[in-house]
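Raw contents of input-v8.csv, CSV, C-alpha atoms:
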```csv
chain,number,residue,atom,x,y,z
A,866,MET,CA,25.7,-7.5,64.1
A,867,LYS,CA,27.8,-7.6,61.0
A,868,LEU,CA,25.2,-9.7,59.3
A,869,GLN,CA,22.5,-7.2,60.1
A,870,ASN,CA,24.6,-4.3,58.7
A,871,THR,CA,25.4,-6.3,55.6
A,872,VAL,CA,21.7,-7.1,55.0
A,873,LEU,CA,20.7,-3.5,55.7
A,874,LEU,CA,23.4,-2.2,53.3
A,875,MET,CA,22.2,-4.7,50.6
A,876,ALA,CA,18.6,-3.6,51.1
A,877,LEU,CA,19.5,0.1,50.7
A,878,LEU,CA,21.5,-0.7,47.5
A,879,LEU,CA,18.6,-2.7,46.1
A,880,LEU,CA,16.2,0.2,46.9
A,881,PHE,CA,18.4,2.8,45.3
A,882,SER,CA,19.0,0.7,42.2
A,883,CYS,CA,15.3,0.1,41.7
A,884,GLN,CA,14.7,3.9,41.8
A,885,ASP,CA,17.4,4.4,39.2
A,886,ASN,CA,15.7,1.8,37.0
A,887,LYS,CA,12.4,3.6,37.4
A,888,GLU,CA,13.9,6.9,36.3
A,889,GLN,CA,15.7,5.2,33.4
A,890,ARG,CA,12.5,3.6,32.3
A,891,LEU,CA,10.6,6.9,32.5
A,892,ILE,CA,13.4,8.5,30.3
A,893,GLU,CA,13.3,5.6,27.8
A,894,ASN,CA,9.5,5.7,27.7
A,895,ALA,CA,9.6,9.4,27.0
A,896,LYS,CA,12.1,8.9,24.2
A,897,ASP,CA,10.1,6.0,22.8
A,898,THR,CA,6.9,8.1,22.9
A,899,LYS,CA,8.5,11.0,21.2
A,900,LYS,CA,10.0,8.7,18.5
A,901,LYS,CA,6.6,7.1,17.8
A,902,GLU,CA,5.0,10.5,17.7
A,903,THR,CA,7.5,11.6,15.1
A,904,ILE,CA,6.9,8.5,13.0
A,905,PHE,CA,3.2,9.0,13.2
A,906,ASN,CA,3.5,12.7,12.1
A,907,ASN,CA,5.8,11.7,9.2
A,908,ILE,CA,3.4,9.0,8.0
A,909,ASN,CA,0.4,11.2,8.5
A,910,LYS,CA,2.0,13.9,6.3
A,911,GLY,CA,3.0,11.5,3.6
A,912,TRP,CA,-0.2,9.4,3.5
A,913,ASN,CA,-1.7,11.2,0.5
A,914,PHE,CA,-3.1,9.0,-2.3
A,915,ASN,CA,-4.2,10.4,-5.6
A,916,ALA,CA,-7.4,8.3,-5.8
A,917,ASN,CA,-9.5,10.5,-7.9
A,918,PRO,CA,-10.0,9.1,-11.4
A,919,ILE,CA,-8.0,11.3,-13.9
A,920,ASN,CA,-9.6,10.3,-17.2
A,921,PRO,CA,-13.0,9.3,-18.6
A,922,ALA,CA,-12.0,5.7,-18.8
A,923,SER,CA,-11.3,5.3,-15.1
A,924,GLN,CA,-14.3,7.5,-14.2
A,925,GLY,CA,-16.5,5.2,-16.2
A,926,LEU,CA,-15.1,2.1,-14.5
A,927,VAL,CA,-16.2,3.5,-11.1
A,928,ALA,CA,-19.8,2.8,-12.1
A,929,MET,CA,-19.2,-0.5,-13.9
A,930,TRP,CA,-16.5,-2.2,-11.7
A,931,PRO,CA,-17.5,-2.4,-8.0
A,932,GLU,CA,-14.0,-3.6,-7.0
A,933,TRP,CA,-12.4,-0.5,-8.6
A,934,ARG,CA,-14.9,1.8,-6.8
A,935,GLY,CA,-14.3,0.1,-3.5
A,936,PHE,CA,-10.5,0.4,-3.9
A,937,LEU,CA,-10.7,4.1,-4.7
A,938,LEU,CA,-13.0,4.7,-1.8
A,939,GLU,CA,-10.6,2.9,0.5
A,940,LEU,CA,-7.7,5.0,-0.8
A,941,ASN,CA,-9.7,8.2,-0.3
A,942,SER,CA,-10.3,7.7,3.4
A,943,LYS,CA,-7.3,8.6,5.5
A,944,PRO,CA,-6.8,7.4,9.1
A,945,LYS,CA,-6.2,10.1,11.6
A,946,SER,CA,-5.8,8.9,15.2
A,947,THR,CA,-2.9,6.5,15.7
A,948,ILE,CA,-0.4,4.2,14.0
A,949,GLY,CA,-2.8,1.4,14.7
A,950,ALA,CA,-5.4,3.1,12.5
A,951,PHE,CA,-2.8,3.3,9.7
A,952,GLN,CA,-2.0,-0.4,10.2
A,953,LYS,CA,-5.7,-1.3,9.9
A,954,LYS,CA,-6.0,0.9,6.8
A,955,ALA,CA,-3.0,-0.8,5.1
A,956,LYS,CA,-4.5,-4.2,5.8
A,957,ALA,CA,-7.9,-3.1,4.3
A,958,LEU,CA,-6.1,-1.7,1.3
A,959,SER,CA,-4.3,-5.0,0.8
A,960,LYS,CA,-7.6,-6.8,0.7
A,961,LYS,CA,-9.2,-4.3,-1.6
A,962,VAL,CA,-6.4,-4.3,-4.1
A,963,ALA,CA,-6.3,-8.1,-4.2
A,964,GLU,CA,-10.0,-8.0,-5.2
A,965,LEU,CA,-9.2,-5.9,-8.3
A,966,ASN,CA,-8.3,-9.1,-10.2
A,967,ASN,CA,-11.9,-10.2,-9.8
A,968,ASN,CA,-14.5,-9.3,-12.4
A,969,ILE,CA,-12.3,-7.1,-14.5
A,970,PRO,CA,-14.5,-5.7,-17.3
A,971,ILE,CA,-14.1,-7.6,-20.5
A,972,ALA,CA,-12.8,-4.6,-22.5
A,973,TYR,CA,-10.0,-4.1,-19.9
A,974,ASN,CA,-9.2,-7.8,-19.2
A,975,LYS,CA,-5.9,-7.6,-20.9
A,976,PRO,CA,-2.3,-8.5,-19.9
A,977,GLU,CA,-1.2,-4.9,-19.7
A,978,ILE,CA,-4.0,-4.1,-17.1
A,979,LYS,CA,-3.3,-7.3,-15.2
A,980,SER,CA,0.4,-6.6,-14.9
A,981,ARG,CA,-0.3,-3.1,-13.6
A,982,ILE,CA,-2.7,-4.4,-11.1
A,983,ALA,CA,-0.1,-7.0,-10.0
A,984,VAL,CA,2.5,-4.2,-9.5
A,985,LEU,CA,-0.1,-2.2,-7.5
A,986,ILE,CA,-0.8,-5.3,-5.3
A,987,SER,CA,2.9,-5.8,-4.7
A,988,LYS,CA,3.4,-2.1,-3.7
A,989,ILE,CA,0.4,-2.1,-1.3
A,990,ASN,CA,1.4,-5.4,0.3
A,991,SER,CA,4.9,-3.9,0.8
A,992,LEU,CA,3.2,-0.9,2.5
A,993,ASN,CA,1.3,-3.2,4.7
A,994,LEU,CA,4.4,-5.1,5.6
A,995,TYR,CA,6.5,-2.0,6.5
A,996,ILE,CA,3.8,-0.3,8.5
A,997,ASN,CA,3.3,-3.4,10.6
A,998,LEU,CA,6.9,-3.8,11.6
A,999,ASP,CA,7.9,-3.2,15.3
A,1000,GLU,CA,10.4,-0.5,14.2
A,1001,ILE,CA,8.4,1.3,11.4
A,1002,PRO,CA,10.6,2.8,8.7
A,1003,ASP,CA,8.6,5.9,8.1
A,1004,ASN,CA,10.7,7.1,5.2
A,1005,LYS,CA,10.1,3.8,3.4
A,1006,VAL,CA,6.3,4.0,4.1
A,1007,VAL,CA,6.2,7.6,2.6
A,1008,ALA,CA,8.2,6.5,-0.4
A,1009,LEU,CA,5.9,3.6,-1.0
A,1010,VAL,CA,2.9,5.9,-0.9
A,1011,LEU,CA,4.5,7.9,-3.7
A,1012,GLU,CA,5.3,4.7,-5.7
A,1013,ILE,CA,1.7,3.6,-5.3
A,1014,ASN,CA,0.5,6.9,-6.7
A,1015,VAL,CA,2.8,6.5,-9.7
A,1016,GLN,CA,1.5,2.9,-10.3
A,1017,LEU,CA,-2.1,4.1,-9.9
A,1018,LEU,CA,-1.5,6.8,-12.5
A,1019,SER,CA,0.1,4.2,-14.8
A,1020,LEU,CA,-3.0,2.0,-14.5
A,1021,GLN,CA,-5.4,4.8,-15.2
A,1022,ASN,CA,-3.3,5.9,-18.2
A,1023,GLN,CA,-3.4,2.3,-19.5
A,1024,LEU,CA,-7.1,2.2,-19.2
A,1025,ASP,CA,-7.4,5.4,-21.2
A,1026,GLU,CA,-5.0,4.0,-23.8
A,1027,ILE,CA,-7.2,0.9,-24.3
A,1028,VAL,CA,-10.2,3.2,-24.8
A,1029,ARG,CA,-8.3,5.3,-27.3
A,1030,LYS,CA,-7.2,2.2,-29.3
A,1031,SER,CA,-10.7,0.8,-29.4
A,1032,THR,CA,-12.0,4.0,-31.1
A,1033,ILE,CA,-9.6,3.7,-34.0
A,1034,PRO,CA,-11.6,2.4,-36.9
A,1035,ILE,CA,-10.5,-0.8,-38.7
A,1036,GLU,CA,-9.3,-0.2,-42.2
A,1037,GLU,CA,-10.7,-2.1,-45.2
A,1038,GLY,CA,-9.0,-5.6,-45.4
A,1039,GLU,CA,-7.4,-5.3,-42.0
A,1040,SER,CA,-9.6,-8.1,-40.5
A,1041,ASP,CA,-8.6,-10.4,-43.4
A,1042,LEU,CA,-4.9,-9.6,-42.7
A,1043,ILE,CA,-5.3,-10.4,-39.0
A,1044,GLN,CA,-6.9,-13.7,-39.8
A,1045,MET,CA,-4.1,-14.6,-42.2
A,1046,LEU,CA,-1.5,-13.9,-39.5
A,1047,ASP,CA,-3.3,-16.2,-37.1
A,1048,THR,CA,-1.1,-19.3,-37.0
A,1049,SER,CA,-4.0,-21.5,-35.7
A,1050,ARG,CA,-5.8,-21.0,-39.0
A,1051,ALA,CA,-2.8,-21.8,-41.2
A,1052,ILE,CA,-3.0,-24.6,-43.7
A,1053,PRO,CA,-1.1,-27.6,-42.4
A,1054,THR,CA,1.9,-28.6,-44.5
A,1055,ARG,CA,2.4,-32.3,-45.3
```

Is it possible to give me this structure as structure tokens?
Amino acid sequence: MKLQNTVLLMALLLLFSCQDNKEQRLIENAKDTKKKETIFNNINKGWNFNANPINPASQGLVAMWPEWRGFLLELNSKPKSTIGAFQKKAKALSKKVAELNNNIPIAYNKPEIKSRIAVLISKINSLNLYINLDEIPDNKVVALVLEINVQLLSLQNQLDEIVRKSTIPIEEGESDLIQMLDTSRAIPTR
């Protein structure tokens, strides 16, 4: 009889403890859902890229440089539904920005452009990393979006600077001076 009472008591304890776990899980799920919703809303508000070309140089490149055009189009489209959509967008942006190093137009294939593209690649890869973490730091994601906008502006300004420098006429005798400064053409000393 004592054994039956003990077994019955254990079964009741087990039954009540399971119900408590279900209630706790429901409360935790509600908190987790609310937290994810808050993160989604913060990222959704902060996901604003300035992808429109700001100067004639970058506008002209849209027609000549397909990788640049594809990257700007990818930046312009904003995901709307879930965090998963933002994660897919970040992955697509990482692929598109990596392609910018391919087929850079000859006039712009300079170290200053390549370095700005490298910084942009780094920032977008960081964005991709942060948004794919289990615990998404939404404040870092929003801060990275702002940093990407700054780097994009810097790249476009450098494109414009190259165009401006190319329009400056060469003075008389400047080409001879540049040839004389070239060390590969120097007369060897014996």

Exercise for review: Identify, on the basis of all atoms listed in the file, every residue whose closest approach to region 978-995 of chain A does not exceed 8 Å; exclude the query and any residue fewer than 6 positions from it along the same chain; express the result as a ChimeraX atom specification.
Suggested key: /A:952,955-956,958-959,962-963,965-966,1001-1002,1005-1006,1009-1010,1012-1013,1016-1017,1019-1020,1023-1024

Go ahead and save the picked residues with C-alpha atoms, as a compact mmCIF listing (two decimals), in the frame of the given file.
```txt
# COMPACT_ATOMS: atom_id res chain seq x y z
CA GLN A 952 -2.00 -0.40 10.20
CA ALA A 955 -3.00 -0.80 5.10
CA LYS A 956 -4.50 -4.20 5.80
CA LEU A 958 -6.10 -1.70 1.30
CA SER A 959 -4.30 -5.00 0.80
CA VAL A 962 -6.40 -4.30 -4.10
CA ALA A 963 -6.30 -8.10 -4.20
CA LEU A 965 -9.20 -5.90 -8.30
CA ASN A 966 -8.30 -9.10 -10.20
CA ILE A 1001 8.40 1.30 11.40
CA PRO A 1002 10.60 2.80 8.70
CA LYS A 1005 10.10 3.80 3.40
CA VAL A 1006 6.30 4.00 4.10
CA LEU A 1009 5.90 3.60 -1.00
CA VAL A 1010 2.90 5.90 -0.90
CA GLU A 1012 5.30 4.70 -5.70
CA ILE A 1013 1.70 3.60 -5.30
CA GLN A 1016 1.50 2.90 -10.30
CA LEU A 1017 -2.10 4.10 -9.90
CA SER A 1019 0.10 4.20 -14.80
CA LEU A 1020 -3.00 2.00 -14.50
CA GLN A 1023 -3.40 2.30 -19.50
CA LEU A 1024 -7.10 2.20 -19.20
```

Exercise for review: Report the distance between CA of Ile892 (chain A) and CA of Thr947 (chain A) in Å, rounded to one decimal place.
Suggested key: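 Between these atoms lies a distance of 22.0 Å.
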
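Shortest separation to Phe951 (chain A) among A:Asn997, A:Asn1004, A:Asn920, A:Thr903 occurs at residue A:Asn997, atoms counted being all atoms listed in the file.
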
Exercise for review: Write out as a PyMOL selection string each polymer residue whose atoms come within 10 Å of Ile948 (chain A), counting only C-alpha atoms; drop sequence neighbours fewer than 5 positions from it.
Suggested key: chain A and resi 901-902+904-906+908-909+953-954+996-997+1001

Take the residues from that selection and put them in a file with C-alpha atoms, as a PDB file, in the coordinates of the input.
```
ATOM      1  CA  LYS A 901       6.600   7.100  17.800  1.00  0.00           C
ATOM      2  CA  GLU A 902       5.000  10.500  17.700  1.00  0.00           C
ATOM      3  CA  ILE A 904       6.900   8.500  13.000  1.00  0.00           C
ATOM      4  CA  PHE A 905       3.200   9.000  13.200  1.00  0.00           C
ATOM      5  CA  ASN A 906       3.500  12.700  12.100  1.00  0.00           C
ATOM      6  CA  ILE A 908       3.400   9.000   8.000  1.00  0.00           C
ATOM      7  CA  ASN A 909       0.400  11.200   8.500  1.00  0.00           C
ATOM      8  CA  LYS A 953      -5.700  -1.300   9.900  1.00  0.00           C
ATOM      9  CA  LYS A 954      -6.000   0.900   6.800  1.00  0.00           C
ATOM     10  CA  ILE A 996       3.800  -0.300   8.500  1.00  0.00           C
ATOM     11  CA  ASN A 997       3.300  -3.400  10.600  1.00  0.00           C
ATOM     12  CA  ILE A1001       8.400   1.300  11.400  1.00  0.00           C
TER      13      ILE A1001
END
```

Practice item. Calculate how many Å separate CA of Val927 (chain A) from CA of Ala957 (chain A), rounding to one decimal. Key: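 So the two atoms, CA of Val927 (chain A) and CA of Ala957 (chain A), lie 18.7 Å apart.
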
Can you report as JSON the centre and edge lengths in Å, to one decimal, of an axis-aligned box around the listed atoms of region 976-982 of chain A padded with 8 Å on each side?
```
{"center_x": -1.8, "center_y": -5.8, "center_z": -15.5, "size_x": 20.4, "size_y": 21.4, "size_z": 24.8}
```

Practice item. Record the distance separating CA of Glu1026 (chain A) and CA of Asp1047 (chain A), expressed in Å with one decimal. Key: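 Going from CA of Glu1026 (chain A) over to CA of Asp1047 (chain A) covers 24.2 Å.
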
Exercise for review: Give the answer as one residue: which of A:Ile919, A:Met1045, A:Ile969, A:Ala950 has the shortest atom-to-atom distance to Pro931 (chain A), using only C-alpha atoms?
Suggested key: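 So, comparing all the options, the nearest one is A:Ile969.
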
Practice item. Go through A:Ser1040, A:Ser942, A:Asn1014, A:Ser923 and flag the residue nearest Ile1027 (chain A), using all atoms listed in the file for the distances. Key: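 Checking each of A:Ser1040, A:Ser942, A:Asn1014, A:Ser923 against Ile1027 (chain A), counting all atoms listed in the file, the winner is A:Ser923.
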
Practice item. Identify which of the residues A:Gly949, A:Arg1029, A:Pro970, A:Ala922 lies closest to Leu998 (chain A), counting all atoms listed in the file when measuring atom-to-atom distances. Key: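 When distances to Leu998 (chain A) are compared using all atoms listed in the file, the smallest one comes from A:Gly949.
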
Check your understanding: Which one of A:Leu937, A:Ile1033, A:Val1007, A:Leu868 sits closest to Asn915 (chain A) if you count all atoms listed in the file?
Key ->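 Result for the nearest residue to Asn915 (chain A): A:Leu937.
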
Can I get region 926-955 of chain A with N, CA and C atoms filled in, as a short mmCIF file (atom, residue, chain, number, x, y, z; two decimals), in the coordinates of the input?
```cif
data_model
loop_
_atom_site.label_atom_id
_atom_site.label_comp_id
_atom_site.auth_asym_id
_atom_site.auth_seq_id
_atom_site.Cartn_x
_atom_site.Cartn_y
_atom_site.Cartn_z
N LEU A 926 -15.28 3.42 -15.18
CA LEU A 926 -15.10 2.10 -14.50
C LEU A 926 -15.65 2.21 -13.05
N VAL A 927 -15.70 3.39 -12.47
CA VAL A 927 -16.20 3.50 -11.10
C VAL A 927 -17.66 3.02 -11.06
N ALA A 928 -18.42 3.28 -12.11
CA ALA A 928 -19.80 2.80 -12.10
C ALA A 928 -19.95 1.36 -12.50
N MET A 929 -19.05 0.84 -13.37
CA MET A 929 -19.20 -0.50 -13.90
C MET A 929 -18.45 -1.58 -13.06
N TRP A 930 -17.42 -1.22 -12.37
CA TRP A 930 -16.50 -2.20 -11.70
C TRP A 930 -16.53 -1.93 -10.22
N PRO A 931 -17.33 -2.67 -9.45
CA PRO A 931 -17.50 -2.40 -8.00
C PRO A 931 -16.14 -2.54 -7.23
N GLU A 932 -15.27 -3.43 -7.67
CA GLU A 932 -14.00 -3.60 -7.00
C GLU A 932 -13.13 -2.34 -7.12
N TRP A 933 -13.14 -1.75 -8.31
CA TRP A 933 -12.40 -0.50 -8.60
C TRP A 933 -12.93 0.62 -7.70
N ARG A 934 -14.27 0.71 -7.65
CA ARG A 934 -14.90 1.80 -6.80
C ARG A 934 -14.55 1.58 -5.37
N GLY A 935 -14.62 0.35 -4.88
CA GLY A 935 -14.30 0.10 -3.50
C GLY A 935 -12.84 0.39 -3.15
N PHE A 936 -11.95 0.07 -4.08
CA PHE A 936 -10.50 0.40 -3.90
C PHE A 936 -10.28 1.86 -3.82
N LEU A 937 -10.88 2.62 -4.74
CA LEU A 937 -10.70 4.10 -4.70
C LEU A 937 -11.29 4.71 -3.48
N LEU A 938 -12.43 4.21 -3.03
CA LEU A 938 -13.00 4.70 -1.80
C LEU A 938 -12.12 4.46 -0.59
N GLU A 939 -11.54 3.27 -0.57
CA GLU A 939 -10.60 2.90 0.50
C GLU A 939 -9.39 3.80 0.51
N LEU A 940 -8.89 4.11 -0.68
CA LEU A 940 -7.70 5.00 -0.80
C LEU A 940 -8.06 6.42 -0.34
N ASN A 941 -9.28 6.87 -0.62
CA ASN A 941 -9.70 8.20 -0.30
C ASN A 941 -9.78 8.49 1.21
N SER A 942 -10.17 7.48 1.97
CA SER A 942 -10.30 7.70 3.40
C SER A 942 -9.00 7.56 4.12
N LYS A 943 -8.63 8.58 4.86
CA LYS A 943 -7.30 8.60 5.50
C LYS A 943 -7.51 8.45 7.02
N PRO A 944 -6.76 7.53 7.62
CA PRO A 944 -6.80 7.40 9.10
C PRO A 944 -6.22 8.61 9.77
N LYS A 945 -6.69 8.90 10.98
CA LYS A 945 -6.20 10.10 11.60
C LYS A 945 -5.70 9.94 13.03
N SER A 946 -6.09 8.90 13.71
CA SER A 946 -5.80 8.90 15.20
C SER A 946 -4.47 8.33 15.56
N THR A 947 -4.16 7.09 15.18
CA THR A 947 -2.90 6.50 15.70
C THR A 947 -2.25 5.66 14.59
N ILE A 948 -1.09 5.13 14.93
CA ILE A 948 -0.40 4.20 14.00
C ILE A 948 -1.22 2.98 13.80
N GLY A 949 -1.92 2.54 14.82
CA GLY A 949 -2.80 1.40 14.70
C GLY A 949 -3.86 1.58 13.61
N ALA A 950 -4.36 2.79 13.50
CA ALA A 950 -5.40 3.10 12.50
C ALA A 950 -4.72 3.00 11.08
N PHE A 951 -3.48 3.45 10.95
CA PHE A 951 -2.80 3.30 9.70
C PHE A 951 -2.51 1.85 9.35
N GLN A 952 -2.22 1.05 10.37
CA GLN A 952 -2.00 -0.40 10.20
C GLN A 952 -3.26 -1.07 9.68
N LYS A 953 -4.39 -0.71 10.29
CA LYS A 953 -5.70 -1.30 9.90
C LYS A 953 -6.01 -0.85 8.43
N LYS A 954 -5.73 0.40 8.11
CA LYS A 954 -6.00 0.90 6.80
C LYS A 954 -5.14 0.17 5.74
N ALA A 955 -3.87 -0.07 6.06
CA ALA A 955 -3.00 -0.80 5.10
C ALA A 955 -3.48 -2.22 4.92
#
```
